[in-house]
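Trainee: Got target.txt for you, compact mmCIF, C-alpha atoms:
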# COMPACT_ATOMS: atom_id res chain seq x y z
CA MET Z 13 9.83 -69.15 -23.36
CA ASN Z 14 9.21 -70.86 -20.04
CA PRO Z 15 6.26 -73.31 -19.94
CA LEU Z 16 3.25 -73.15 -17.61
CA CYS Z 17 2.66 -75.43 -14.62
CA GLY Z 18 0.15 -78.25 -15.20
CA ARG Z 19 -1.64 -77.49 -11.92
CA CYS Z 20 -1.44 -73.75 -11.11
CA ASN Z 21 -0.93 -72.50 -14.72
CA ARG Z 22 1.92 -70.24 -13.63
CA VAL Z 23 5.32 -69.93 -15.26
CA VAL Z 24 7.74 -72.74 -14.37
CA TYR Z 25 11.39 -71.67 -14.24
CA PRO Z 26 14.20 -74.17 -14.95
CA THR Z 27 15.37 -74.32 -11.30
CA GLU Z 28 11.98 -75.56 -10.07
CA LYS Z 29 10.80 -77.54 -13.10
CA VAL Z 30 9.58 -81.15 -13.05
CA ASN Z 31 8.90 -82.68 -16.47
CA CYS Z 32 6.49 -85.62 -16.16
CA LEU Z 33 3.24 -86.96 -17.71
CA ASP Z 34 3.75 -84.73 -20.79
CA LYS Z 35 3.48 -81.62 -18.60
CA TYR Z 36 5.68 -79.25 -16.61
CA TRP Z 37 5.17 -78.83 -12.85
CA HIS Z 38 6.53 -76.88 -9.94
CA LYS Z 39 8.11 -79.20 -7.41
CA GLY Z 40 5.47 -78.20 -4.87
CA CYS Z 41 2.61 -78.61 -7.39
CA PHE Z 42 3.62 -82.16 -8.35
CA SER Z 43 1.33 -83.80 -5.77
CA CYS Z 44 -1.42 -86.43 -5.52
CA GLU Z 45 -4.76 -85.44 -7.05
CA VAL Z 46 -6.65 -86.80 -4.00
CA CYS Z 47 -4.62 -86.22 -0.81
CA LYS Z 48 -2.25 -83.51 -2.16
CA MET Z 49 0.84 -85.33 -0.81
CA THR Z 50 4.02 -84.07 -2.46
CA LEU Z 51 5.39 -86.67 -4.90
CA ASN Z 52 8.67 -87.30 -6.67
CA MET Z 53 9.81 -89.28 -9.70
CA LYS Z 54 10.19 -92.47 -7.61
CA ASN Z 55 6.84 -92.79 -5.83
CA TYR Z 56 4.27 -91.27 -8.21
CA LYS Z 57 1.78 -93.20 -10.34
CA GLY Z 58 0.26 -91.64 -13.44
CA PHE Z 59 -3.32 -92.11 -14.58
CA ASP Z 60 -4.93 -90.07 -17.37
CA LYS Z 61 -1.84 -87.77 -17.28
CA LYS Z 62 -2.45 -86.95 -13.60
CA PRO Z 63 -0.17 -87.92 -10.66
CA TYR Z 64 -1.43 -90.10 -7.79
CA CYS Z 65 0.14 -91.68 -4.73
CA ASN Z 66 0.10 -95.45 -4.26
CA ALA Z 67 -2.88 -95.39 -1.87
CA HIS Z 68 -5.18 -93.27 -4.08
CA TYR Z 69 -4.28 -94.64 -7.49
CA PRO Z 70 -7.56 -95.29 -9.39
CA LYS Z 71 -8.55 -98.93 -9.47
CA THR Z 72 -8.91 -100.42 -12.93
CA ASN Z 73 -11.85 -102.68 -13.78
CA PHE Z 74 -11.20 -106.14 -15.14
CA THR Z 75 -12.68 -107.17 -18.46
CA CYS Z 76 -14.91 -110.20 -18.87
CA VAL Z 77 -13.13 -113.40 -20.00
CA ALA Z 78 -14.95 -115.74 -22.37
CA ASP Z 79 -15.54 -119.33 -21.22
CA THR Z 80 -13.53 -120.98 -23.97
CA PRO Z 81 -12.79 -124.73 -23.79
CA GLU Z 82 -9.22 -123.96 -22.72
CA ASN Z 83 -10.37 -121.65 -19.93
CA LEU Z 84 -12.90 -124.22 -18.72
CA ARG Z 85 -10.18 -126.88 -18.65
CA LEU Z 86 -7.85 -124.63 -16.62
CA LYS Z 87 -10.68 -123.78 -14.24
CA GLN Z 88 -11.48 -127.45 -13.66
CA GLN Z 89 -7.80 -128.27 -13.16
CA SER Z 90 -7.38 -125.47 -10.57
CA LYS Z 91 -10.46 -126.71 -8.72
CA MET Z 92 -9.10 -130.27 -8.57
CA GLN Z 93 -5.73 -129.01 -7.27
CA SER Z 94 -7.49 -126.99 -4.55
CA GLN Z 95 -9.44 -130.06 -3.43
CA VAL Z 96 -6.26 -132.16 -3.29
CA LEU Z 97 -4.47 -129.52 -1.17
CA TYR Z 98 -7.48 -129.23 1.13
CA LYS Z 99 -7.55 -133.00 1.72
CA GLU Z 100 -3.80 -133.04 2.42
CA GLU Z 101 -4.11 -130.25 5.01
CA PHE Z 102 -7.13 -131.96 6.56
CA GLU Z 103 -5.24 -135.24 6.97
CA LYS Z 104 -2.26 -133.44 8.53
CA ASN Z 105 -4.40 -131.60 11.10
CA LYS Z 106 -6.72 -134.53 11.74
CA GLY Z 107 -6.89 -135.38 15.44
CA LYS Z 108 -4.98 -132.33 16.65
CA GLY Z 109 -8.13 -130.60 17.92
CA PHE Z 110 -7.03 -127.10 16.95
CA SER Z 111 -6.19 -125.08 13.86
CA ALA Z 112 -2.98 -123.15 13.31
CA MET Z 113 -3.30 -119.37 13.65
CA ALA Z 114 -0.95 -117.08 11.81
CA ASP Z 115 1.15 -114.76 14.00
CA THR Z 116 0.02 -111.58 12.24
CA PRO Z 117 0.99 -108.07 13.47
CA GLU Z 118 -2.58 -107.56 14.73
CA MET Z 119 -2.49 -110.80 16.77
CA ALA Z 120 0.91 -109.86 18.21
CA ARG Z 121 -0.45 -106.42 19.23
CA ILE Z 122 -3.49 -108.01 20.96
CA LYS Z 123 -1.26 -110.49 22.80
CA LYS Z 124 1.04 -107.68 23.99
CA THR Z 125 -1.95 -105.64 25.20
CA GLN Z 126 -3.33 -108.62 27.16
CA ASP Z 127 0.06 -109.21 28.80
CA HIS Z 128 0.24 -105.54 29.77
CA ILE Z 129 -3.26 -105.64 31.31
CA SER Z 130 -2.40 -108.80 33.26
CA ASN Z 131 0.78 -107.16 34.57
CA ILE Z 132 -1.20 -104.10 35.77
CA LYS Z 133 -3.78 -106.32 37.55
CA TYR Z 134 -1.02 -108.26 39.26
CA HIS Z 135 0.63 -105.12 40.65
CA GLU Z 136 -2.72 -103.71 41.80
CA GLU Z 137 -3.39 -106.88 43.81
CA PHE Z 138 0.14 -106.80 45.16
CA GLU Z 139 -0.17 -103.17 46.33
CA LYS Z 140 -3.49 -103.95 48.04
CA SER Z 141 -1.98 -106.91 49.90
CA ARG Z 142 1.12 -104.89 50.83
CA MET Z 143 -0.95 -102.04 52.27
CA GLY Z 144 -2.95 -104.57 54.28
CA GLY Z 145 0.26 -106.12 55.66
CA GLU Z 146 1.70 -102.75 56.72
CA ALA Z 147 -1.46 -101.79 58.69
CA GLN Z 148 -1.17 -104.77 61.08
CA PRO Z 149 1.75 -103.43 63.25
CA HIS Z 150 -0.33 -100.30 64.13
CA GLN Z 151 -3.12 -102.31 65.78
CA PRO Z 152 -3.29 -102.02 69.61
CA SER Z 153 -1.90 -104.98 71.57
CA THR Z 154 -2.31 -106.24 75.12
CA PRO Z 155 0.57 -105.87 77.64
CA THR Z 156 0.94 -109.63 77.89
CA SER Z 157 1.65 -110.00 74.13
CA ALA Z 158 4.13 -107.10 73.89
CA GLY Z 159 7.13 -109.37 74.34
CA TYR Z 160 6.05 -111.58 71.44
CA GLN Z 161 5.67 -108.69 69.02
CA GLN Z 162 9.37 -107.76 69.14
CA PRO Z 163 10.33 -109.61 65.89
CA ALA Z 164 7.61 -107.76 63.93
CA PRO Z 165 9.89 -104.92 62.61
CA SER Z 166 12.43 -107.35 61.18
CA GLN Z 167 9.69 -109.46 59.55
CA ASN Z 168 8.14 -106.34 58.01
CA PHE Z 169 11.56 -105.25 56.71
CA GLN Z 170 12.17 -108.60 55.03
CA TYR Z 171 8.71 -108.57 53.48
CA GLU Z 172 9.15 -105.14 51.87
CA SER Z 173 12.72 -105.71 50.65
CA ALA Z 174 11.81 -108.75 48.51
CA PRO Z 175 9.46 -107.09 45.98
CA GLU Z 176 11.63 -103.97 45.53
CA PRO Z 177 12.67 -104.83 41.91
CA VAL Z 178 8.96 -105.15 40.97
CA ARG Z 179 8.17 -101.61 42.17
CA GLN Z 180 11.11 -100.27 40.17
CA ALA Z 181 9.80 -101.98 37.04
CA THR Z 182 6.31 -100.48 37.43
CA THR Z 183 7.64 -96.92 37.85
CA ALA Z 184 10.18 -97.11 35.00
CA PRO Z 185 9.63 -94.48 32.26
CA PRO Z 186 8.24 -95.64 28.91
CA PRO Z 187 10.83 -96.46 26.21
CA SER Z 188 9.52 -93.78 23.84
CA ALA Z 189 7.73 -90.47 24.14
CA GLY Z 190 5.49 -88.42 21.90
CA LYS Z 191 2.62 -89.40 19.68
CA ARG Z 192 2.11 -92.97 18.45
CA TYR Z 193 0.78 -93.74 14.99
CA ARG Z 194 -0.75 -96.84 13.43
CA ALA Z 195 -0.32 -97.79 9.77
CA VAL Z 196 -3.56 -97.96 7.76
CA TYR Z 197 -1.94 -99.16 4.49
CA ASP Z 198 1.01 -101.36 3.51
CA TYR Z 199 4.01 -99.35 2.28
CA ALA Z 200 7.20 -100.52 0.56
CA ALA Z 201 10.21 -98.22 0.82
CA ALA Z 202 11.05 -96.56 -2.52
CA ASP Z 203 14.41 -95.10 -1.40
CA GLU Z 204 17.24 -95.93 1.00
CA ASP Z 205 16.18 -93.33 3.57
CA GLU Z 206 12.57 -94.63 3.72
CA VAL Z 207 11.15 -97.47 5.83
CA SER Z 208 8.69 -100.24 4.95
CA PHE Z 209 5.74 -101.28 7.13
CA MET Z 210 2.48 -103.24 7.06
CA ASP Z 211 -1.12 -102.37 7.85
CA GLY Z 212 -1.55 -102.34 11.64
CA ASP Z 213 2.14 -101.67 12.52
CA MET Z 214 2.84 -99.16 15.31
CA ILE Z 215 5.06 -96.15 14.43
CA VAL Z 216 6.80 -94.49 17.41
CA GLU Z 217 9.34 -91.69 17.96
CA VAL Z 218 7.68 -89.72 15.16
CA GLN Z 219 9.09 -86.41 13.93
CA GLN Z 220 7.09 -84.31 11.44
CA ILE Z 221 9.17 -83.25 8.41
CA ASP Z 222 6.53 -81.52 6.28
CA GLU Z 223 2.81 -81.91 5.53
CA GLY Z 224 3.44 -85.03 3.42
CA TRP Z 225 6.32 -86.87 5.15
CA MET Z 226 7.46 -87.76 8.65
CA TYR Z 227 10.33 -89.65 10.28
CA GLY Z 228 9.79 -92.50 12.76
CA ARG Z 229 10.58 -96.04 13.91
CA VAL Z 230 8.52 -99.15 13.12
CA GLU Z 231 7.96 -100.85 16.47
CA ARG Z 232 7.67 -104.34 14.94
CA THR Z 233 10.96 -104.30 12.99
CA GLY Z 234 12.91 -101.56 14.81
CA GLN Z 235 13.78 -99.87 11.49
CA ARG Z 236 13.91 -96.06 11.27
CA GLY Z 237 13.33 -93.87 8.25
CA MET Z 238 10.99 -91.56 6.37
CA LEU Z 239 7.37 -92.54 5.71
CA PRO Z 240 4.34 -90.87 4.03
CA ALA Z 241 2.03 -89.13 6.49
CA ASN Z 242 -1.18 -90.21 4.74
CA TYR Z 243 -0.37 -93.91 5.27
CA VAL Z 244 -0.67 -93.66 9.10
CA GLU Z 245 -3.09 -92.26 11.66
CA ALA Z 246 -2.52 -90.96 15.19
CA ILE Z 247 -3.83 -93.02 18.12
Have the structure of the file written as structure tokens, please.
Mentor:
Amino acid sequence: MNPLCGRCNRVVYPTEKVNCLDKYWHKGCFSCEVCKMTLNMKNYKGFDKKPYCNAHYPKTNFTCVADTPENLRLKQQSKMQSQVLYKEEFEKNKGKGFSAMADTPEMARIKKTQDHISNIKYHEEFEKSRMGGEAQPHQPSTPTSAGYQQPAPSQNFQYESAPEPVRQATTAPPPSAGKRYRAVYDYAAADEDEVSFMDGDMIVEVQQIDEGWMYGRVERTGQRGMLPANYVEAI
């Protein structure tokens, strides 16, 4: 006799059966209890005989540790080691006048955004100055100065030919199209066709596979692969 599914209580046939957590499931019913993302035997986490994804796995509470003499000695030793390391770092950075800042993905994204804004401001100022330079030859001139205005066309031609590569760069199409997503959790690839990323990474060139998975490229590392849809958000 065929068993019943642990979620929908319907008959599970051998071709669609998943045996896990002391229950039988349909492949489509074996999903996270919170976000309903479809799971498999590689990426699920069981708690109280129920499947969860990595992001919604219930957090366990730590038990209280007694302050035994051994624990107090280890605590005091760790505190002394922390003070020694702090003094060593302080002596190394003494007199430098600044503190080192880690090049995190968030800091790299902010720096890239600032460079992009500066580039836009530069081209706006350049276009304003160029339009002002082109309007000068149309101003009326006196008959006595007509002979001296003859070189103006050649000067104007040289002025406009120099910044031509800059205008091409501003009108170039973006490297990727479609929606952009930002990671809201860290994710480590569980299979060869998946991709790892960190919280704050940008995911581009996204293609929706189903309601639980999508395919895309991590902008920071350039790697492509499958990723869970509930670990990212559209921007």
Trainee: Excluding same-chain residues fewer than 5 positions from range 38-45 of chain Z, what lies within 6 Å of it counting all atoms listed in the file, as a list in words?
Mentor: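 Residues meeting the cut-off are Glu28, Lys29, Thr50, Leu51, Pro63, Tyr64 and Cys65 of chain Z.
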Trainee: To one decimal in Å, tell me the separation between CA of Met210 in chain Z and CA of Ala67 in chain Z.
Mentor: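 Rounded to one decimal, the two atoms are 13.0 Å apart.
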Trainee: List every protein, DNA or RNA residue that has an atom no more than 12 Å from (2.6, -82.1, 7.7) in the file's coordinate frame, counting all atoms listed in the file, and report them as a PyMOL selection string.
Mentor: chain Z and resi 47-50+218-227+239-242
Trainee: What is the distance between CA of Val196 in chain Z and CA of Lys61 in chain Z, in Å to one decimal?
Mentor: 27.1 Å
Trainee: My list of candidates is Z:Asn21, Z:Asn105, Z:Ser94, Z:Asn131. Which is closest to Lys35 in chain Z when distances are computed with all atoms listed in the file?
Mentor: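 The shortest atom-to-atom distance to Lys35 in chain Z comes from Z:Asn21.
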Trainee: How many Å separate CA of Lys106 in chain Z from CA of Ala120 in chain Z?
Mentor: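 If I compute the distance from CA of Lys106 in chain Z to CA of Ala120 in chain Z, I get 26.6 Å.
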Trainee: Quick one: of Z:Asp198, Z:Thr233, Z:Arg192, Z:Asn52, who's nearest to Glu217 in chain Z, counting all atoms listed in the file?
Mentor: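 Smallest separation from Glu217 in chain Z among the options: Z:Arg192.
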Trainee: Kindly indicate which residue among Z:Tyr243, Z:Cys17, Z:Arg142, Z:Cys32 lies nearest to Tyr56 in chain Z, using all atoms listed in the file for the distances.
Mentor: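 Looking only at the distances to Tyr56 in chain Z, the closest residue turns out to be Z:Cys32.
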Trainee: Name the closest residue to Met53 in chain Z among the candidates Z:Glu245, Z:Glu231, Z:Glu103, Z:Asp203; distances are taken between atoms, counting all atoms listed in the file.
Mentor: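 Among the listed residues, the smallest separation from Met53 in chain Z belongs to Z:Asp203.
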Trainee: Which is closest to Tyr199 in chain Z among Z:Leu86, Z:Val23, Z:Leu16, Z:Val230, if we use all atoms listed in the file?
Mentor: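 Closest to Tyr199 in chain Z, using all atoms listed in the file: Z:Val230.
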Trainee: Padding 8 Å on every side, please: axis-aligned box over the listed atoms of range 200-219 of chain Z, centre and edge lengths to one decimal in Å, as lines of an AutoDock Vina configuration file.
Mentor:
center_x = 7.8
center_y = -94.8
center_z = 7.7
size_x = 34.8
size_y = 32.8
size_z = 36.5
